[in-house]
Amino acid sequence: MNIEQHFERIESYTEGGLSPAEKQSFERELTENAELKQAYGLYQMSLEAIETGIGNQLRQDLKQWEKSAASDAAPQEAKVVSFSRRLAQYGAAAAILLLVGFFGWQFLQKPVSPETLYGEYYELPSAGSIRGVDPGTKGAMDQGRQAFGDKNYAQAVQIFSSIPSNDPAYAEAQYLLGHADCQLQQFAAARAAFAIAAAQNDFRIKEKAEWYGVVSCLRVSDQPSGCGDALAAIVENTDHAFHDSAVALQKKTSKVWGKNSGR
Amino acid sequence: MNAVVYDNEQFVAALKQGGLQRQSAIRWLYEDKELRKRVIAFVRNNQGNEEDGTDMFHEGIIVLDRNVRDDSFRRESSIKGYLFSICRFLWMNQLRKNSRITLVEPGNAKEEVEYETPERHFQSDELKMVIGQVLDQLGQQCRKILDLWKLSHSMAEIAAELGFDNDAQARKAKYRCHLSLMQLFEKNPGIMQRLKEWV
């Protein structure tokens with residue numbers, strides 16, 4: 001079937017770009033010309049597929065927002081449980097509280113270490129998600145994903161580093177490279193890879209890469225400049241997928257990166 | 001988090017505009033805790049659990065996004081009432097599939113529920129599978145171009161977003177990608193059989 005021959009008319013018809021006479025003529029032809037009708041069916045199918053892709057992306061975004069909200073809510077739930085236990089065992093708790101209060105005060109005098117915060121906020125992409133971002137890409141990307149999924153991070157680093165910048169999967173390769181570097185404790189390299197991934201402006205990758213760039217910063221020796229600024233940028237962007245997590249992290253890093261995270 | 005409040009018209013306009021406006025409007029809806037609670041309560045009262053409720057809330061937003069963009073939302077109720085009715089419909093459908101339907105309505109649900117039928121965009125499992133396979137074969141760049149085009153981005157915006165020199169190049173790329181997508185479907189015997197039956 002010669003789809004090209006019919007494409008423009010079908011698109012014009014679908015988008016309401018035909019004059020009334022052209023529209024009438026097209027609709028008449030649609031009932032008489034089997035090839036045109038099939039091409040029109042394929043066009044409708046293609047629109048359905050594009051909408052499915054848009055829906056899949058939105059589903060991914062919603063899950064990401066859900067995750068961010070859950071990671072923020074977790075510490076609050078812990079507080080509620082401990083309070084209810086104190087009420088139930090009031091007598092014993094009074095003594096424990098004194099001790100907890102004393103040691104807690106000692107603890108609060110020290111800032112939370114960046115290592116602890118990293119452990120709290122870093123999350124390794126699941127096997128499902130690394131195979132879901134761009135399953136159409138073959139060859140090196142597939143091998144890299146496979147190595148990453150098998151926890152062979154050194155090999156994954158090697159493969160992802162070899163993906164050229166003109167490859168359509170370059171942003172994803174750099175993003176996974178960042179995660180593989182994190183697993184190998186190469187945090188400066190991870191931060192650089194996340195920065196490159198974010199700079200590709202791939203909307204599937206950009207915000208995740210920005211966030212993990214900040215998280216990996218927590219483990220870079222001597223806390224490089226720019227970490228606080230990168231975090232502040234996410235905090236300022238209320239639509240960012242990791243906005244809520246960034247707000248929580250900014251409060252906790254005020255002793256590491258300064259109150260306004262301005263480093 | 002999201003300081004903007006949308007009325008129906010503003011919400012529809014934001015979704016149709018695409019990009020950050022669409023993202024922001026969807027986030028506003030997603031962050032409505034009361035609405036989420038109502039959906040979850042409805043699902044829990046009807047043989048589901050909290051996770052099912054959250055899933056329905058998400059799926060409802062996805063269906064609403066599409067229905068609004070293609071003008072299926074007739075503005076007969078608030079956008080939030082519409083979302084609730086979609087979630088309710090989705091869960092009823094799920095129950096019907098599992099043959100365990102005995103619906104318990106929340107006390108005040110009828111006040112805000114819009115009984116438009118939001119079922120028009122549900123695909124069969126078979127079609128979903130074929131679409132998934134075809135999308136997998138289409139390159140990431142092509143998927144992105146077509147997504148942006150369908151979300152009403154102009155060719156100039158697509159060119160800027162994807163690094164084309166000008167909108168003519170973006171238009172050409174969109175044409176090639178769209179054609180490739182149709183040709184991938186054409187190669188699928190199941191799809192072609194279905195189209196032949198239709199013809």
# chains A, B, ... in the order shown; residues from 1 in each chain; ligands from 1

$ residues_around --residues "region 54-56 of chain B" --least-positions-apart "3" --cutoff "7 Å" --atoms "only C-alpha atoms" --output "short mmCIF file (atom, residue, chain, number, x, y, z; two decimals) with N, CA and C atoms, in the first residue's frame"
data_model
loop_
_atom_site.label_atom_id
_atom_site.label_comp_id
_atom_site.auth_asym_id
_atom_site.auth_seq_id
_atom_site.Cartn_x
_atom_site.Cartn_y
_atom_site.Cartn_z
N ILE B 40 -9.87 6.85 46.74
CA ILE B 40 -9.39 5.68 47.48
C ILE B 40 -10.51 5.11 48.36
N GLU B 50 -6.03 0.27 49.31
CA GLU B 50 -5.47 1.61 49.10
C GLU B 50 -4.65 1.68 47.81
N GLU B 51 -3.89 0.62 47.57
CA GLU B 51 -3.04 0.60 46.37
C GLU B 51 -3.91 0.64 45.10
N GLU B 59 -4.67 6.30 36.95
CA GLU B 59 -5.23 5.94 35.64
C GLU B 59 -6.31 6.94 35.24
N GLY B 60 -7.07 7.40 36.25
CA GLY B 60 -8.10 8.40 35.98
C GLY B 60 -7.50 9.68 35.41
N CYS B 87 -12.56 7.77 37.55
CA CYS B 87 -11.95 6.77 38.44
C CYS B 87 -12.99 5.73 38.85
N LEU B 90 -13.59 3.48 35.97
CA LEU B 90 -12.47 2.55 35.77
C LEU B 90 -12.54 1.40 36.77
N TRP B 91 -12.86 1.74 38.01
CA TRP B 91 -12.90 0.69 39.03
C TRP B 91 -14.09 -0.25 38.80
#

$ interface_residues --of "chain A" --to "chain B" --cutoff "9 Å" --atoms "only C-alpha atoms" --output "PyMOL selection string"
chain A and resi 1+3-4+7+31+34-35+37-39+41-43+45-56+58-59+62-63+65+133-137+168-169+201-203+238-239+243-244

$ residues_around --residues "Ser68 (chain A)" --least-positions-apart "5" --cutoff "8 Å" --atoms "only C-alpha atoms" --output "list in words"
Ala241, Phe242, Asp244 and Ser245 of chain A

$ residues_around --residues "Gln146 (chain A)" --least-positions-apart "5" --cutoff "9 Å" --atoms "only C-alpha atoms" --output "VMD selection string"
chain A and resid 131 141 151 to 152 156

$ write_last_selection --atoms "C-alpha atoms" --output "PDB file, in the first residue's frame"
ATOM      1  CA  ARG A 131      14.528  -1.604  30.436  1.00  0.00           C
ATOM      2  CA  MET A 141      22.538   0.140  25.021  1.00  0.00           C
ATOM      3  CA  LYS A 151      25.041  -5.546  38.777  1.00  0.00           C
ATOM      4  CA  ASN A 152      28.172  -5.709  36.679  1.00  0.00           C
ATOM      5  CA  ALA A 156      28.151  -1.087  32.468  1.00  0.00           C
TER       6      ALA A 156
END

$ residues_around --residues "region 247-252 of chain A" --least-positions-apart "5" --cutoff "10 Å" --atoms "only C-alpha atoms" --output "list in words"
Ser71, Asp72, Pro111, Val112, Ser113, Pro114, Leu117, Tyr118, Glu120, Tyr121, Val214, Val215, Gly228, Leu231, Ala232, Ile234, Val235, Glu236, Thr238, Phe242, Trp257, Gly258, Lys259, Asn260 and Ser261 of chain A

$ write_last_selection --atoms "N, CA and C atoms" --output "mmCIF file, in the first residue's frame"
data_model
loop_
_atom_site.group_PDB
_atom_site.id
_atom_site.type_symbol
_atom_site.label_atom_id
_atom_site.label_comp_id
_atom_site.auth_asym_id
_atom_site.auth_seq_id
_atom_site.Cartn_x
_atom_site.Cartn_y
_atom_site.Cartn_z
ATOM 1 N N SER A 71 8.671 9.268 50.030
ATOM 2 C CA SER A 71 9.957 9.379 50.727
ATOM 3 C C SER A 71 9.927 10.544 51.711
ATOM 4 N N ASP A 72 9.110 11.564 51.430
ATOM 5 C CA ASP A 72 8.964 12.676 52.370
ATOM 6 C C ASP A 72 8.115 12.292 53.576
ATOM 7 N N PRO A 111 25.685 17.776 62.803
ATOM 8 C CA PRO A 111 24.866 17.759 61.596
ATOM 9 C C PRO A 111 24.747 16.329 61.061
ATOM 10 N N VAL A 112 23.635 16.067 60.365
ATOM 11 C CA VAL A 112 23.486 14.750 59.748
ATOM 12 C C VAL A 112 24.559 14.636 58.677
ATOM 13 N N SER A 113 25.257 13.510 58.646
ATOM 14 C CA SER A 113 26.375 13.410 57.698
ATOM 15 C C SER A 113 25.845 13.287 56.266
ATOM 16 N N PRO A 114 26.627 13.794 55.306
ATOM 17 C CA PRO A 114 26.214 13.661 53.901
ATOM 18 C C PRO A 114 26.034 12.197 53.510
ATOM 19 N N LEU A 117 22.615 11.151 54.522
ATOM 20 C CA LEU A 117 21.605 11.735 53.628
ATOM 21 C C LEU A 117 21.604 11.029 52.276
ATOM 22 N N TYR A 118 22.800 10.695 51.815
ATOM 23 C CA TYR A 118 22.903 9.986 50.543
ATOM 24 C C TYR A 118 22.139 8.659 50.633
ATOM 25 N N GLU A 120 19.746 7.990 52.492
ATOM 26 C CA GLU A 120 18.316 8.237 52.616
ATOM 27 C C GLU A 120 17.678 8.570 51.258
ATOM 28 N N TYR A 121 18.411 9.302 50.420
ATOM 29 C CA TYR A 121 17.792 9.818 49.185
ATOM 30 C C TYR A 121 18.196 9.085 47.903
ATOM 31 N N VAL A 214 22.418 16.025 42.279
ATOM 32 C CA VAL A 214 22.487 16.627 43.622
ATOM 33 C C VAL A 214 22.785 15.553 44.675
ATOM 34 N N VAL A 215 22.086 14.420 44.551
ATOM 35 C CA VAL A 215 22.276 13.353 45.558
ATOM 36 C C VAL A 215 23.716 12.840 45.518
ATOM 37 N N GLY A 228 24.800 23.065 46.193
ATOM 38 C CA GLY A 228 23.691 23.792 46.826
ATOM 39 C C GLY A 228 22.861 24.540 45.802
ATOM 40 N N LEU A 231 20.639 22.137 44.000
ATOM 41 C CA LEU A 231 19.512 21.750 44.861
ATOM 42 C C LEU A 231 18.496 22.894 44.928
ATOM 43 N N ALA A 232 19.011 24.118 45.083
ATOM 44 C CA ALA A 232 18.112 25.279 45.171
ATOM 45 C C ALA A 232 17.278 25.428 43.900
ATOM 46 N N ILE A 234 16.152 23.059 42.015
ATOM 47 C CA ILE A 234 15.033 22.099 42.044
ATOM 48 C C ILE A 234 13.967 22.569 43.035
ATOM 49 N N VAL A 235 14.432 23.118 44.162
ATOM 50 C CA VAL A 235 13.488 23.613 45.168
ATOM 51 C C VAL A 235 12.632 24.741 44.584
ATOM 52 N N GLU A 236 13.276 25.605 43.808
ATOM 53 C CA GLU A 236 12.537 26.746 43.231
ATOM 54 C C GLU A 236 11.530 26.313 42.168
ATOM 55 N N THR A 238 8.659 24.378 41.366
ATOM 56 C CA THR A 238 7.614 23.606 42.056
ATOM 57 C C THR A 238 7.044 22.489 41.180
ATOM 58 N N PHE A 242 11.072 16.104 41.480
ATOM 59 C CA PHE A 242 11.711 15.835 42.777
ATOM 60 C C PHE A 242 11.651 17.055 43.696
ATOM 61 N N TRP A 257 25.656 22.553 53.249
ATOM 62 C CA TRP A 257 25.790 23.466 52.112
ATOM 63 C C TRP A 257 25.355 24.884 52.447
ATOM 64 N N GLY A 258 25.108 25.176 53.693
ATOM 65 C CA GLY A 258 24.670 26.522 54.091
ATOM 66 C C GLY A 258 23.177 26.625 54.066
ATOM 67 N N LYS A 259 22.629 27.588 54.858
ATOM 68 C CA LYS A 259 21.159 27.698 55.038
ATOM 69 C C LYS A 259 20.412 27.853 53.738
ATOM 70 N N ASN A 260 20.989 28.652 52.825
ATOM 71 C CA ASN A 260 20.299 28.871 51.546
ATOM 72 C C ASN A 260 20.812 27.957 50.455
ATOM 73 N N SER A 261 21.573 26.951 50.904
ATOM 74 C CA SER A 261 22.168 26.022 49.939
ATOM 75 C C SER A 261 22.898 26.797 48.854
#

$ closest_residue --among "A:Ala189, A:Lys23, A:Phe194, A:Gln200" --to "Ala230 (chain A)" --atoms "only C-alpha atoms"
A:Phe194

$ residues_around --residues "Ser152 (chain B)" --least-positions-apart "5" --cutoff "9 Å" --atoms "only C-alpha atoms" --output "NGL selection string"
:B and (16-19 or 147)

$ closest_residue --among "A:Ala69, A:Leu36, A:Ala21, A:Ile159" --to "Glu8 (chain A)" --atoms "only C-alpha atoms"
A:Leu36

$ atom_distance --atom1 "CA of Ala198 (chain A)" --atom2 "CA of Glu210 (chain A)"
5.7 Å

$ select_by_dssp --residues "region 39-198 of chain B" --states "alpha helix (DSSP H)" --output "ChimeraX atom specification"
/B:39-45,50-69,79-97,109-112,125-137,140-150,155-162,167-186,189-198

$ atom_distance --atom1 "CA of Gln155 (chain A)" --atom2 "CA of Leu184 (chain A)"
10.9 Å
